[in-house]
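Structure file target_7.cif (mmCIF, C-alpha atoms and all ligand atoms) is printed below.
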data_query
#
loop_
_atom_site.label_atom_id
_atom_site.label_comp_id
_atom_site.auth_asym_id
_atom_site.auth_seq_id
_atom_site.Cartn_x
_atom_site.Cartn_y
_atom_site.Cartn_z
CA MET H 1 19.88 21.29 56.07
CA LYS H 2 16.91 23.20 54.70
CA ALA H 3 16.07 24.46 51.24
CA VAL H 4 16.16 28.23 50.74
CA LYS H 5 13.05 29.76 49.18
CA ILE H 6 13.85 32.09 46.28
CA LYS H 7 10.32 32.77 45.03
CA GLU H 8 7.01 31.01 45.51
CA ASN H 9 7.69 27.37 44.63
CA VAL H 10 11.31 27.92 43.59
CA TYR H 11 14.01 26.75 46.03
CA TRP H 12 17.77 26.57 46.31
CA VAL H 13 18.70 22.98 47.21
CA GLY H 14 22.45 23.10 46.65
CA ALA H 15 25.49 22.36 48.80
CA ILE H 16 28.12 24.57 50.41
CA ASP H 17 31.72 23.39 50.02
CA TRP H 18 33.33 25.45 52.78
CA ASN H 19 36.73 23.76 52.63
CA LEU H 20 37.33 23.72 48.87
CA ARG H 21 40.66 25.41 48.17
CA ASN H 22 41.63 23.95 44.81
CA PHE H 23 39.36 23.77 41.78
CA HIS H 24 41.53 22.11 39.13
CA GLY H 25 44.38 24.45 39.94
CA TYR H 26 42.26 27.53 40.68
CA LEU H 27 42.83 28.69 44.27
CA THR H 28 39.36 28.98 45.81
CA GLN H 29 40.19 30.89 48.98
CA ARG H 30 36.53 31.39 49.80
CA GLY H 31 35.34 27.84 49.04
CA SER H 32 32.35 27.40 46.74
CA THR H 33 28.78 26.22 46.40
CA TYR H 34 27.18 23.88 43.89
CA ASN H 35 23.75 25.30 43.29
CA SER H 36 20.83 23.07 42.52
CA TYR H 37 17.29 24.44 42.18
CA LEU H 38 13.92 22.86 42.77
CA ILE H 39 10.70 24.03 41.07
CA ILE H 40 7.39 22.86 42.47
CA ASP H 41 4.81 22.86 39.67
CA GLU H 42 2.61 20.20 38.10
CA LYS H 43 5.90 18.65 37.06
CA ILE H 44 8.41 18.81 39.89
CA THR H 45 11.70 19.83 38.40
CA LEU H 46 15.29 19.76 39.60
CA ILE H 47 17.74 22.04 37.81
CA ASP H 48 21.39 20.93 38.00
CA ASN H 49 23.05 18.82 40.63
CA VAL H 50 26.07 18.94 42.94
CA LYS H 51 29.43 17.22 43.36
CA SER H 52 28.95 13.57 44.31
CA TYR H 53 30.51 13.99 47.74
CA MET H 54 28.01 16.74 48.59
CA PHE H 55 24.92 14.66 47.70
CA GLU H 56 23.70 14.13 51.27
CA GLU H 57 23.42 17.89 51.71
CA GLN H 58 21.48 18.32 48.45
CA LEU H 59 19.21 15.41 49.37
CA GLU H 60 18.40 16.81 52.83
CA ARG H 61 17.53 20.16 51.33
CA ILE H 62 15.25 18.56 48.73
CA GLN H 63 13.63 16.45 51.46
CA SER H 64 12.90 19.61 53.46
CA VAL H 65 10.46 20.54 50.64
CA ILE H 66 9.25 17.30 49.04
CA ASP H 67 9.81 13.58 48.81
CA PRO H 68 12.57 13.32 46.15
CA GLY H 69 10.67 10.38 44.66
CA LYS H 70 8.23 12.99 43.30
CA ILE H 71 10.80 14.64 41.03
CA ASP H 72 9.52 14.34 37.44
CA ILE H 73 12.17 16.24 35.50
CA ILE H 74 15.90 16.85 35.88
CA ILE H 75 17.42 19.61 33.76
CA GLN H 76 21.18 19.24 33.38
CA ASN H 77 22.28 22.62 32.03
CA HIS H 78 25.92 21.49 32.09
CA ILE H 79 27.56 18.13 32.62
CA GLU H 80 30.84 19.01 34.34
CA MET H 81 31.06 16.84 37.44
CA ASP H 82 30.58 19.68 39.93
CA HIS H 83 27.01 19.92 38.54
CA SER H 84 26.33 16.32 37.50
CA GLY H 85 28.21 14.27 40.10
CA SER H 86 25.11 13.58 42.19
CA LEU H 87 22.84 12.77 39.20
CA PRO H 88 23.12 8.96 39.49
CA LEU H 89 22.54 9.28 43.26
CA ILE H 90 19.37 11.36 43.01
CA LEU H 91 18.10 9.08 40.23
CA LYS H 92 18.02 6.23 42.76
CA TYR H 93 15.25 8.19 44.52
CA CYS H 94 13.37 9.16 41.36
CA PRO H 95 14.26 6.53 38.73
CA LYS H 96 11.43 7.62 36.45
CA ALA H 97 12.53 11.25 36.28
CA GLU H 98 13.14 12.46 32.74
CA ILE H 99 16.54 14.03 32.10
CA TYR H 100 16.96 16.98 29.72
CA ALA H 101 20.30 18.15 28.31
CA THR H 102 21.79 19.32 25.01
CA ALA H 103 22.97 16.68 22.52
CA LYS H 104 26.56 17.12 23.73
CA GLY H 105 25.29 16.98 27.29
CA ALA H 106 23.40 13.73 26.70
CA GLU H 107 26.44 12.13 25.09
CA GLY H 108 28.74 13.34 27.89
CA LEU H 109 26.48 12.16 30.72
CA ASN H 110 26.16 8.66 29.31
CA ARG H 111 29.88 8.43 28.62
CA HIS H 112 30.84 9.79 32.00
CA PHE H 113 28.52 7.60 34.05
CA LYS H 114 28.76 4.58 31.71
CA GLN H 115 24.98 4.57 31.30
CA ASP H 116 22.51 4.33 28.52
CA TRP H 117 20.00 6.83 29.86
CA ALA H 118 17.29 7.92 27.39
CA ILE H 119 18.04 11.61 27.78
CA ASN H 120 15.72 14.15 26.16
CA VAL H 121 17.82 16.26 23.85
CA VAL H 122 17.22 19.99 24.06
CA LYS H 123 17.65 22.40 21.16
CA GLY H 124 17.67 26.18 21.06
CA GLY H 125 14.15 27.64 20.99
CA MET H 126 12.65 24.53 22.55
CA THR H 127 10.35 24.93 25.54
CA LEU H 128 9.11 22.49 28.15
CA SER H 129 5.86 22.90 30.03
CA LEU H 130 6.05 22.25 33.77
CA GLY H 131 2.43 23.30 34.40
CA LYS H 132 2.09 27.00 35.15
CA ARG H 133 5.64 27.47 33.98
CA GLU H 134 7.30 26.94 30.66
CA LEU H 135 11.05 26.50 30.60
CA ALA H 136 12.88 27.86 27.55
CA PHE H 137 16.34 26.57 26.69
CA VAL H 138 19.19 28.60 25.24
CA PRO H 139 22.29 26.61 24.26
CA THR H 140 25.48 28.50 25.17
CA PRO H 141 28.16 26.24 23.64
CA MET H 142 31.70 26.82 24.93
CA VAL H 143 30.60 28.95 27.85
CA HIS H 144 32.56 27.04 28.85
CA TRP H 145 32.04 23.43 27.62
CA PRO H 146 30.39 22.33 24.35
CA ASP H 147 27.32 21.05 26.21
CA ASN H 148 26.42 24.23 28.11
CA MET H 149 22.97 25.75 28.05
CA VAL H 150 20.92 28.08 30.21
CA SER H 151 17.23 27.72 31.07
CA TYR H 152 14.70 30.51 31.47
CA SER H 153 11.37 30.65 33.26
CA ALA H 154 9.34 33.63 31.99
CA TYR H 155 6.75 32.94 34.72
CA ASP H 156 9.37 33.61 37.43
CA LYS H 157 11.60 35.93 35.34
CA ILE H 158 14.44 33.63 36.35
CA LEU H 159 17.50 32.74 34.27
CA PHE H 160 19.16 29.51 35.42
CA SER H 161 22.58 30.46 34.10
CA ASN H 162 24.75 27.57 35.31
CA ASP H 163 28.48 28.50 35.29
CA ALA H 164 27.87 31.93 33.73
CA PHE H 165 27.82 34.71 36.36
CA GLY H 166 29.08 32.26 39.03
CA GLN H 167 31.53 32.96 41.81
CA HIS H 168 33.46 30.57 44.04
CA ILE H 169 32.12 31.75 47.39
CA ALA H 170 30.96 29.56 50.26
CA SER H 171 28.53 31.51 52.42
CA GLN H 172 25.33 31.20 54.40
CA GLU H 173 23.99 34.14 52.40
CA ARG H 174 22.30 33.21 49.12
CA PHE H 175 21.41 36.60 47.62
CA ASP H 176 23.58 39.40 46.26
CA HIS H 177 21.88 42.04 48.42
CA ASP H 178 22.97 40.18 51.56
CA TYR H 179 26.64 40.19 50.58
CA SER H 180 29.47 42.61 49.87
CA LEU H 181 29.32 43.79 46.24
CA GLY H 182 33.11 44.28 46.33
CA ILE H 183 33.77 40.63 47.16
CA LEU H 184 31.10 39.44 44.72
CA ALA H 185 32.67 41.50 41.92
CA GLU H 186 36.16 40.25 42.79
CA GLU H 187 35.12 36.60 42.85
CA ALA H 188 32.97 36.93 39.72
CA ALA H 189 36.02 38.46 38.00
CA LYS H 190 38.28 35.67 39.25
CA TYR H 191 35.77 33.10 38.02
CA TYR H 192 35.54 34.73 34.60
CA ALA H 193 39.33 35.11 34.30
CA ASN H 194 40.08 31.52 35.25
CA ILE H 195 37.17 29.66 33.64
CA VAL H 196 35.41 31.71 30.97
CA LEU H 197 38.13 34.00 29.56
CA PRO H 198 39.03 31.94 26.46
CA TYR H 199 35.41 32.13 25.28
CA GLY H 200 34.75 35.86 25.06
CA ALA H 201 33.23 35.64 21.57
CA GLN H 202 30.83 32.93 22.74
CA VAL H 203 29.94 35.00 25.84
CA VAL H 204 29.03 37.93 23.59
CA LYS H 205 26.70 35.60 21.63
CA ALA H 206 25.20 34.24 24.85
CA LEU H 207 24.65 37.77 26.23
CA ASN H 208 22.91 38.71 22.97
CA ALA H 209 20.77 35.56 23.13
CA VAL H 210 19.45 36.41 26.61
CA SER H 211 19.33 40.19 26.15
CA GLY H 212 15.68 40.11 25.07
CA LEU H 213 14.56 38.20 28.16
CA ASP H 214 12.87 39.87 31.08
CA ILE H 215 15.21 38.81 33.88
CA GLU H 216 14.70 39.65 37.54
CA TRP H 217 16.77 36.79 38.89
CA ILE H 218 19.97 35.14 37.69
CA LEU H 219 20.51 31.81 39.40
CA PRO H 220 24.08 30.64 38.72
CA SER H 221 25.51 27.27 39.65
CA HIS H 222 28.20 28.66 41.96
CA GLY H 223 28.00 31.29 44.66
CA LEU H 224 25.33 33.89 45.25
CA ILE H 225 22.12 34.57 43.37
CA TRP H 226 21.91 37.83 41.42
CA HIS H 227 18.80 39.90 42.00
CA GLU H 228 19.51 43.49 43.01
CA ARG H 229 22.90 43.64 41.23
CA ILE H 230 21.91 42.20 37.86
CA ASN H 231 22.83 45.37 35.96
CA GLU H 232 26.25 45.37 37.59
CA ILE H 233 27.10 41.75 36.74
CA LEU H 234 25.80 42.09 33.16
CA ALA H 235 27.95 45.22 32.69
CA MET H 236 30.99 43.41 34.07
CA TYR H 237 30.48 40.48 31.68
CA ASP H 238 30.02 42.87 28.78
CA ASN H 239 33.35 44.55 29.58
CA TRP H 240 35.24 41.30 30.08
CA ALA H 241 33.82 39.57 27.01
CA ASN H 242 34.68 42.57 24.86
CA ASN H 243 38.25 42.77 26.24
CA ARG H 244 37.85 46.30 27.53
CA THR H 245 40.96 47.08 29.52
CA ALA H 246 42.12 49.93 31.75
CA LYS H 247 45.28 52.00 31.59
CA LYS H 248 46.99 49.41 33.74
CA ALA H 249 50.25 47.49 33.52
CA LEU H 250 50.86 44.23 35.25
CA ILE H 251 54.48 43.35 35.98
CA ILE H 252 54.87 39.63 36.70
CA TYR H 253 58.32 38.23 37.35
CA ASP H 254 60.57 35.90 39.26
CA SER H 255 64.21 36.54 40.00
CA MET H 256 67.28 34.46 40.94
CA TRP H 257 69.65 37.00 42.50
CA GLY H 258 67.62 40.19 42.33
CA SER H 259 68.67 41.53 38.92
CA THR H 260 65.39 40.75 37.14
CA GLU H 261 63.61 42.20 40.17
CA MET H 262 65.61 45.45 39.73
CA MET H 263 64.36 45.56 36.14
CA ALA H 264 60.80 44.80 37.26
CA LYS H 265 60.92 47.77 39.66
CA MET H 266 62.28 50.03 36.93
CA ILE H 267 59.44 48.94 34.59
CA ARG H 268 56.85 49.46 37.35
CA ASN H 269 58.17 52.96 38.03
CA THR H 270 58.34 53.80 34.33
CA PHE H 271 54.69 52.90 33.76
CA SER H 272 53.69 54.77 36.88
CA GLU H 273 55.60 57.90 35.79
CA SER H 274 53.88 57.59 32.39
CA GLY H 275 50.43 57.79 33.98
CA VAL H 276 49.70 54.07 33.76
CA THR H 277 48.65 52.24 36.92
CA ALA H 278 51.26 49.57 37.62
CA GLU H 279 50.82 46.36 39.61
CA PHE H 280 53.85 44.41 40.67
CA HIS H 281 53.80 40.67 41.40
CA ASN H 282 56.61 38.26 42.21
CA LEU H 283 55.50 34.76 41.18
CA GLN H 284 56.81 33.49 44.52
CA GLY H 285 54.13 35.44 46.33
CA THR H 286 50.95 35.41 44.24
CA HIS H 287 49.00 32.41 43.00
CA ILE H 288 48.64 32.18 39.23
CA SER H 289 44.83 32.15 39.47
CA ASP H 290 44.94 35.48 41.35
CA LEU H 291 47.26 36.90 38.70
CA MET H 292 44.65 36.02 36.09
CA THR H 293 42.06 38.10 37.96
CA THR H 294 44.24 41.16 37.77
CA ILE H 295 45.00 40.52 34.09
CA LEU H 296 41.29 40.86 33.29
CA ASP H 297 41.49 44.66 32.99
CA ALA H 298 45.25 45.07 32.37
CA ARG H 299 46.23 46.54 29.00
CA TYR H 300 49.95 45.79 29.42
CA ILE H 301 51.27 42.37 30.48
CA CYS H 302 55.00 42.46 31.31
CA LEU H 303 56.70 39.13 31.97
CA GLY H 304 60.19 38.87 33.49
CA SER H 305 62.50 35.93 34.05
CA PRO H 306 66.25 35.50 34.18
CA THR H 307 67.80 32.73 32.11
CA LEU H 308 68.17 29.41 33.89
CA ASN H 309 69.57 26.37 32.07
CA ASN H 310 68.96 28.04 28.69
CA ASN H 311 65.33 28.57 29.61
CA ILE H 312 62.94 30.57 31.82
CA LEU H 313 62.38 29.90 35.52
CA PRO H 314 59.92 27.05 36.23
CA THR H 315 57.57 29.43 38.09
CA MET H 316 57.29 31.58 34.96
CA ALA H 317 56.91 28.48 32.74
CA ALA H 318 53.95 27.33 34.85
CA PHE H 319 52.34 30.76 34.72
CA LEU H 320 52.96 31.08 30.99
CA THR H 321 51.29 27.72 30.31
CA TYR H 322 48.26 28.82 32.30
CA LEU H 323 48.15 32.23 30.60
CA GLN H 324 48.43 30.74 27.11
CA GLY H 325 45.54 28.39 27.84
CA LEU H 326 43.30 31.17 29.10
CA ALA H 327 44.34 33.31 26.12
CA PRO H 328 43.51 36.93 26.98
CA LYS H 329 43.17 38.99 23.82
CA GLY H 330 44.15 42.42 22.63
CA ARG H 331 46.90 43.09 25.19
CA ILE H 332 50.32 44.72 24.86
CA GLY H 333 53.22 42.55 26.02
CA LEU H 334 56.71 43.22 27.28
CA ALA H 335 59.41 40.57 27.91
CA PHE H 336 62.30 41.33 30.22
CA GLY H 337 65.01 39.63 32.23
CA SER H 338 68.65 39.59 33.19
CA TYR H 339 71.16 37.01 32.04
CA GLY H 340 74.74 35.86 32.56
CA TRP H 341 75.79 34.39 29.20
CA GLY H 342 73.17 32.62 26.99
CA GLY H 343 70.29 35.03 27.57
CA GLN H 344 67.57 32.76 26.18
CA SER H 345 64.80 33.73 28.64
CA VAL H 346 63.79 37.05 27.07
CA PRO H 347 63.42 35.72 23.50
CA ILE H 348 61.41 32.79 24.87
CA LEU H 349 59.03 35.18 26.67
CA ASP H 350 58.85 37.56 23.71
CA LYS H 351 57.98 34.68 21.36
CA ALA H 352 55.25 33.49 23.76
CA LEU H 353 53.73 37.00 23.84
CA ASP H 354 53.89 37.13 20.04
CA GLU H 355 52.15 33.77 19.78
CA MET H 356 49.34 35.16 21.92
CA LYS H 357 48.97 37.84 19.22
CA PHE H 358 49.80 40.66 21.62
CA GLU H 359 51.28 43.87 20.37
CA ARG H 360 54.72 44.07 21.92
CA LEU H 361 56.99 46.65 23.43
CA SER H 362 60.74 46.21 22.77
CA PRO H 363 62.11 43.42 25.00
CA ILE H 364 64.49 44.49 27.75
CA LYS H 365 67.49 42.25 28.38
CA LEU H 366 70.37 43.29 30.63
CA LYS H 367 73.56 41.40 31.49
CA PHE H 368 74.42 40.39 35.08
CA ILE H 369 73.54 43.07 37.62
CA PRO H 370 72.13 46.12 35.81
CA ASP H 371 73.78 49.42 36.69
CA ALA H 372 71.98 52.72 37.12
CA SER H 373 72.84 54.00 33.64
CA GLU H 374 71.52 50.83 31.95
CA LEU H 375 68.31 51.00 33.92
CA THR H 376 67.86 54.68 33.12
CA ALA H 377 68.45 54.10 29.40
CA ALA H 378 65.96 51.21 29.34
CA SER H 379 63.42 53.33 31.20
CA GLU H 380 63.79 56.24 28.76
CA GLN H 381 63.30 53.90 25.80
CA LEU H 382 60.26 52.29 27.44
CA LYS H 383 58.73 55.70 28.20
CA LYS H 384 58.95 56.65 24.52
CA GLU H 385 57.13 53.46 23.54
CA ILE H 386 54.42 53.84 26.20
CA VAL H 387 53.68 57.35 24.93
CA LYS H 388 52.59 55.88 21.59
CA TYR H 389 49.81 53.99 23.35
CA THR H 390 48.76 56.69 25.82
CA GLU H 391 48.58 59.79 23.61
FE1 LIG M 401 30.98 24.67 37.49
FE2 LIG M 401 31.86 23.95 34.24
O1 LIG M 401 31.43 23.60 36.02
#
As structure tokens:
Amino acid sequence: MKAVKIKENVYWVGAIDWNLRNFHGYLTQRGSTYNSYLIIDEKITLIDNVKSYMFEEQLERIQSVIDPGKIDIIIQNHIEMDHSGSLPLILKYCPKAEIYATAKGAEGLNRHFKQDWAINVVKGGMTLSLGKRELAFVPTPMVHWPDNMVSYSAYDKILFSNDAFGQHIASQERFDHDYSLGILAEEAAKYYANIVLPYGAQVVKALNAVSGLDIEWILPSHGLIWHERINEILAMYDNWANNRTAKKALIIYDSMWGSTEMMAKMIRNTFSESGVTAEFHNLQGTHISDLMTTILDARYICLGSPTLNNNILPTMAAFLTYLQGLAPKGRIGLAFGSYGWGGQSVPILDKALDEMKFERLSPIKLKFIPDASELTAASEQLKKEIVKYTE
């Protein structure tokens, strides 16, 4: 396992997790990488680490450049275990290395590893001389943990961005220009939707904080390095963080005997006939983390469930919990579903959409198997309401 040279004296020494398919509930179909970077200067510096079980790979890559005992400085931009897991292991090779992290990062590392490391606490505006290079630190709290920061080397025009701009992709390629922009954009969107989405306001602040920097390279902690597509990824983050959506409706449902599915099809067709792109997903067929990706640019979120045991279907309950946690903002919601007698599912969904502060279209609730006239009437009503938003 060899290091990959990025620029003179800057190397990628991370690990490729080809078989990762579940990242705390996020389906990682393409695996992932944990990116660690090595800077050779008067002070030899390691930026971020890898998951503990991938340490041997990180170590071999470091050893392909230098003796790890020569590492002077370890920058821990973020303490989540996918980036800090191997810290105690690498410290066995370089016990005198100085660790740098934010105050929250220092507290978290010592608590997590049950240590009393004397960690150097980094504040915004602080710089650290490595020799030819000076590293500047920009705290980015809640993008996506309280401890997060990014580091910048003006000498290299490199932003070490940690989770920001990451993608869960395992690949031999390391650079954006060696990879499909379509897949990069899709995985960056999925990453944002499933990890960063609740923190749009903080992302806007972080984008402002780095906007004055001369950046030729963005080195994230997952996936490929941004170099030739920096404008594209910055524009994507700007759109996502500012909740800019497209004229698109997402119909997400599950059905017991096909009645709620009939309604879902009617809603899909109604949006489509109203000039709004409609996507149609049965919860039995699409993973909730993929649904979040498609929500990223959807203006309308339509949720359908029949009533089961005075409640919604468990598939919809699981999705709703995930959606509420990720908290997209500024959307228009629609609750729908069929029922036999109690009919509790639609009010439950409508209340959940209200609690997410979405504007709402009138809920659609039909008894037993909807007939053609009921579906037509509901469609006509829905069309009138969509017009208000599309004129
Ligand atoms: Fe990739 Fe927040 O860890």
Check: For ligand LIG 401 (chain M), which residue among H:Leu283, H:Ile195, H:Ile158, H:Val121 is the nearest when counting only C-alpha atoms and all ligand atoms?
Finding: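 Of the candidates, the smallest distance to ligand LIG 401 (chain M) is held by H:Ile195.
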Next item on the list: Enumerate residues in contact with ligand LIG 401 (chain M): an atom-to-atom distance of at most 10 Å, counting all atoms listed in the file. Format the result as a ChimeraX atom specification.
Entry: /H:23,32-35,50-51,77-84,142-145,147-148,162-164,166-168,191,195-196,220-222
Notebook entry, point to check: Counting all atoms listed in the file, which of H:Leu181, H:Met263, H:Leu382, H:Ile44 gets nearest to Phe368 in chain H?
Noted result: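 Once distances to Phe368 in chain H are computed over all atoms listed in the file, the minimum belongs to H:Met263.
For the residues H:Lys104, H:Lys329, H:Lys92, H:His227, ranking by smallest atom-to-atom distance to Phe165 in chain H using all atoms listed in the file places H:His227 first.
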Item checked: Near-Ser274 in chain H list (12 Å; all atoms listed in the file; drop same-chain fewer than 4 positions) as a list in words ->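 Here the qualifying residues turn out to be Lys247, Lys248, Ala249, Ile267, Arg268, Asn269, Thr270, Ala278, Ser379, Glu380, Leu382, Lys383, Lys384, Glu385, Ile386, Val387, Lys388, Tyr389, Thr390 and Glu391 of chain H.
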Margin query: Using all atoms listed in the file, which protein or nucleic acid residues come within 12 Å of Val138 in chain H? Drop anything in the same chain fewer than 5 positions from it, and give the result as a PyMOL selection string.
Written below: chain H and resi 77-78+101-102+122-127+143+147-153+159-162+205-211+213
Write out as a PDB file with C-alpha atoms, in the frame of the given file each polymer residue whose atoms come within 8 Å of Ile40 in chain H, counting all atoms listed in the file; drop sequence neighbours fewer than 4 positions from it.
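Generated output (selection_21.pdb):
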ATOM      1  CA  ASN H   9       7.690  27.370  44.630  1.00  0.00           C
ATOM      2  CA  VAL H  10      11.310  27.920  43.590  1.00  0.00           C
ATOM      3  CA  ILE H  44       8.410  18.810  39.890  1.00  0.00           C
ATOM      4  CA  THR H  45      11.700  19.830  38.400  1.00  0.00           C
TER       5      THR H  45
END
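Compared by their closest atoms to Ser305 in chain H, and using only C-alpha atoms, the residues H:Pro347, H:Pro141, H:Gly337, H:Gly105 rank with H:Gly337 nearest.
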Check: What gap, in Å, lies between CA of Gly330 in chain H and CA of Lys190 in chain H?
Finding: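 So the answer is 18.9 Å.
The coordinates place CA of Leu326 in chain H at 13.0 Å from CA of Asn243 in chain H.
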Next item on the list: Figure out the distance between CA of Asp290 in chain H and CA of Asn310 in chain H, please, to one decimal in Å.
Entry: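 Going from CA of Asn310 in chain H over to CA of Asp290 in chain H, I get 28.2 Å.
Of the residues under consideration (H:Lys265, H:Arg174, H:His112, H:Lys96), H:Arg174 shows the shortest atom-to-atom contact distance to Lys5 in chain H when counting only C-alpha atoms.
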